Amino acid sequence: MAPTKYFACVILAGFFYAQSFSSKVLATEEYPYAVSLKDIQARVEAYKNKIGDKAGVPDTEDTYIKVPAKAQLIKVSALDSAFKIIPALIKHEEKNWQPGVKPTNFKYPLRLPASALDAVVYALKYNFGDRSLNQISANHIANFFIWTQKEAGTGVYPFPFSESGSGAAFSAVAHFISEAKKQNKLSEVIHNGWLCNDLTDGGLQFDNAEVGKAMFDLYEVTHNAEILTSAVKASDWALTHTIVINWNYNAFSVGLLAKAYAITRNPAYLNEAKRKAILGVIPGQLKQGTNTGRWVDQHNAKPAYHYIMLQALTELVEVMPKDDPARTQIIECIRLGLINRNHDFLTRGAPTKEKALTALLAVKRVFAHDPQFLKDTETSEALYNLELIISSQYSWRNLPVSPREWVIFLSDIKENNKT
């Protein structure tokens with residue numbers, strides 16, 4: 001069983017893509033982000049004018065997966081069997097997730113074992129598989145993450161400085177390391193073989209958030225203090241990270257900080273999640289024209305990153321007070337983004353699967369009280385068609401999405417069929 005067969009869809013391109021904005025915020029009573037926001041909006045407008053009709057157009061052409069003519073949702077009676085591929089996959093990979101492993105031999109980012117961790121956490125929540133085995137697997141992966149965090153020494157869940165890895169993420173990291181060498185900063189960014197500092201570039205926010213949210217999810221099930229402490233350290237790292245020009249990197253920390261606030265109720269996490277959203281995600285969205293609702297640059301106009309940002313903003317709305325003045329602005333950003341991309345699922349097909357799945361399920365949960373919002377954005381229809389596609393692509397030897405998304409998908413089917 002080849003692990004890359006199931007994990008390949010988690011590895012998104014664009015690692016260490018961004019330049020940084022100043023994180024300095026000059027507050028006013030009228031609008032606490034006014035000066036910085038005005039500066040960022042001016043830069044975005046200048047960039048939009050520079051690229052012209054390419055604004056909101058992905059730098060690689062979208063491809064679509066249509067719903068097969070006779071597609072049916074996976075049957076409830078098949079859910080337990082469909083889960084069994086997850087423990088088999090983890091058993092195959094767990095030898096690589098051991099404290100003491102050499103990061104130079106690591107072949108993929110930590111976002112991949114994070115996907116496996118969340119898969120077994122959702123299995124624990126929704127009673128899939130052997131509960132004792134799932135708990136053992138979850139603890140094993142969590143202990144590995146805690147070890148990597150200690151090795152890195154900065155609180156972040158790091159990236160392996162590896163010559164064995166392949167793909168866009170590792171290529172981009174190699175370029176980043178080359179630049180760090182030229183600036184004589186290699187000792188600042190590498191510790192014990194782990195990339196622990198991105199020098200305000202922003203790329204580490206991806207894996208840090210993916211692991212951190214999975215660890216918080218596990219804490220909700222186990223109430224293990226060591227797991228909470230580790231997840232909080234990752235959140236504290238995100239709390240102080242500068243806002244960067246790559247909108248989706250900022251969004252990863254928005255999602256992590258929203259989760260940290262939900263668990264700890266520390267208002268610093270909520271305040272910084274809002275700041276990163278208002279300065280580091282929302283300004284990049286086009287508010288008029290053919291591509292209204294997409295992000296201006298061609299990298300973040302890609303559908304996977306589009307839904308990553310919508311999910312993070314939705315998770316932020318979920319934990320915000322109902323009377324928070326920033327809430328309306330964030331919801332409008334989500335609405336425009338959903339309207340732009342969701343209709344594809346009803347016509348041309350799915351332009352992306354797993355990041356759309358988790359985003360649409362978050363929207364379904366958070367806006368359950370607002371049927372008009374769900375109707376206007378065609379969220380229910382888009383989600384149904386996506387789940388038809390995922391169901392039709394499944395076989396024992398082929399997971400159509402990554403482990404986390406697979407078990408989340410199974411959980412949604414199970415919940416929808418409760419009597």
# chains A, B, ... in the order shown; residues from 1 in each chain; ligands from 1

$ residues_around --residues "Glu163 in chain A" --least-positions-apart "4" --cutoff "10 Å" --atoms "only C-alpha atoms" --output "PyMOL selection string"
chain A and resi 103-107+170-171+174

$ write_last_selection --atoms "N, CA and C atoms" --output "PDB file, in the first residue's frame"
ATOM      1  N   PRO A 103      14.947  13.951  10.471  1.00  0.00           N
ATOM      2  CA  PRO A 103      14.166  14.778   9.547  1.00  0.00           C
ATOM      3  C   PRO A 103      14.732  14.765   8.134  1.00  0.00           C
ATOM      4  N   THR A 104      16.031  14.505   7.996  1.00  0.00           N
ATOM      5  CA  THR A 104      16.633  14.463   6.667  1.00  0.00           C
ATOM      6  C   THR A 104      16.088  13.298   5.839  1.00  0.00           C
ATOM      7  N   ASN A 105      15.483  12.321   6.513  1.00  0.00           N
ATOM      8  CA  ASN A 105      14.917  11.171   5.806  1.00  0.00           C
ATOM      9  C   ASN A 105      13.395  11.275   5.645  1.00  0.00           C
ATOM     10  N   PHE A 106      12.820  12.351   6.160  1.00  0.00           N
ATOM     11  CA  PHE A 106      11.365  12.495   6.124  1.00  0.00           C
ATOM     12  C   PHE A 106      10.933  12.868   4.707  1.00  0.00           C
ATOM     13  N   LYS A 107       9.900  12.200   4.204  1.00  0.00           N
ATOM     14  CA  LYS A 107       9.533  12.333   2.799  1.00  0.00           C
ATOM     15  C   LYS A 107       8.347  13.237   2.539  1.00  0.00           C
ATOM     16  N   PHE A 170       8.738  20.902  -1.003  1.00  0.00           N
ATOM     17  CA  PHE A 170      10.156  20.688  -0.708  1.00  0.00           C
ATOM     18  C   PHE A 170      11.047  21.502  -1.645  1.00  0.00           C
ATOM     19  N   SER A 171      10.631  21.668  -2.892  1.00  0.00           N
ATOM     20  CA  SER A 171      11.407  22.491  -3.828  1.00  0.00           C
ATOM     21  C   SER A 171      11.449  23.936  -3.360  1.00  0.00           C
ATOM     22  N   ALA A 174      13.702  24.287  -0.382  1.00  0.00           N
ATOM     23  CA  ALA A 174      15.107  24.264  -0.801  1.00  0.00           C
ATOM     24  C   ALA A 174      15.543  25.656  -1.276  1.00  0.00           C
TER      25      ALA A 174
END

$ residues_around --residues "range 395-405 of chain A" --least-positions-apart "6" --cutoff "12 Å" --atoms "only C-alpha atoms" --output "ChimeraX atom specification"
/A:1-11,65,74,78-79,81-90,111-123,210-211,213-214,217,352-361,386-389,411-412

$ residues_around --residues "range 306-308 of chain A" --least-positions-apart "4" --cutoff "8 Å" --atoms "only C-alpha atoms" --output "list of chain:residue names"
A:Asn248, A:Ala251, A:Phe252, A:Arg294, A:Trp295, A:Asn300, A:Ala301, A:Lys302, A:Ala312, A:Gly337, A:Lys355, A:Ala356, A:Ala359

$ write_last_selection --atoms "C-alpha atoms" --output "tab-separated table (two decimals), in the first residue's frame"
chain	number	residue	atom	x	y	z
A	248	ASN	CA	-3.95	31.60	2.39
A	251	ALA	CA	-5.85	32.07	6.74
A	252	PHE	CA	-4.23	28.97	8.19
A	294	ARG	CA	-12.14	35.28	-5.85
A	295	TRP	CA	-8.77	36.37	-4.54
A	300	ASN	CA	-4.76	32.22	-4.40
A	301	ALA	CA	-7.37	32.28	-7.16
A	302	LYS	CA	-6.90	28.51	-7.37
A	312	ALA	CA	-10.83	29.62	8.04
A	337	GLY	CA	-16.53	33.47	-2.16
A	355	LYS	CA	-10.56	21.56	0.79
A	356	ALA	CA	-14.00	22.28	-0.62
A	359	ALA	CA	-15.11	24.25	3.92

$ atom_distance --atom1 "CA of Gln329 in chain A" --atom2 "CA of Leu313 in chain A"
10.5 Å

$ closest_residue --among "A:Trp237, A:Glu226, A:Leu199, A:Val173" --to "Gly155 in chain A" --atoms "only C-alpha atoms"
A:Trp237

$ select_by_dssp --residues "range 214-403 of chain A" --states "alpha helix (DSSP H)" --output "PyMOL selection string"
chain A and resi 214-222+225-240+247-264+267-280+303-319+327-346+354-366+371-376+379-393+403

$ residues_around --residues "Glu45 in chain A" --least-positions-apart "6" --cutoff "10 Å" --atoms "only C-alpha atoms" --output "JSON, numbers by chain"
{"A": [283, 284, 286, 296]}

$ write_last_selection --atoms "C-alpha atoms" --output "short mmCIF file (atom, residue, chain, number, x, y, z; two decimals), in the first residue's frame"
data_model
loop_
_atom_site.label_atom_id
_atom_site.label_comp_id
_atom_site.auth_asym_id
_atom_site.auth_seq_id
_atom_site.Cartn_x
_atom_site.Cartn_y
_atom_site.Cartn_z
CA PRO A 283 -8.40 42.60 1.43
CA GLY A 284 -7.24 40.20 -1.28
CA LEU A 286 -12.20 40.97 -5.50
CA VAL A 296 -6.90 38.79 -6.73
#
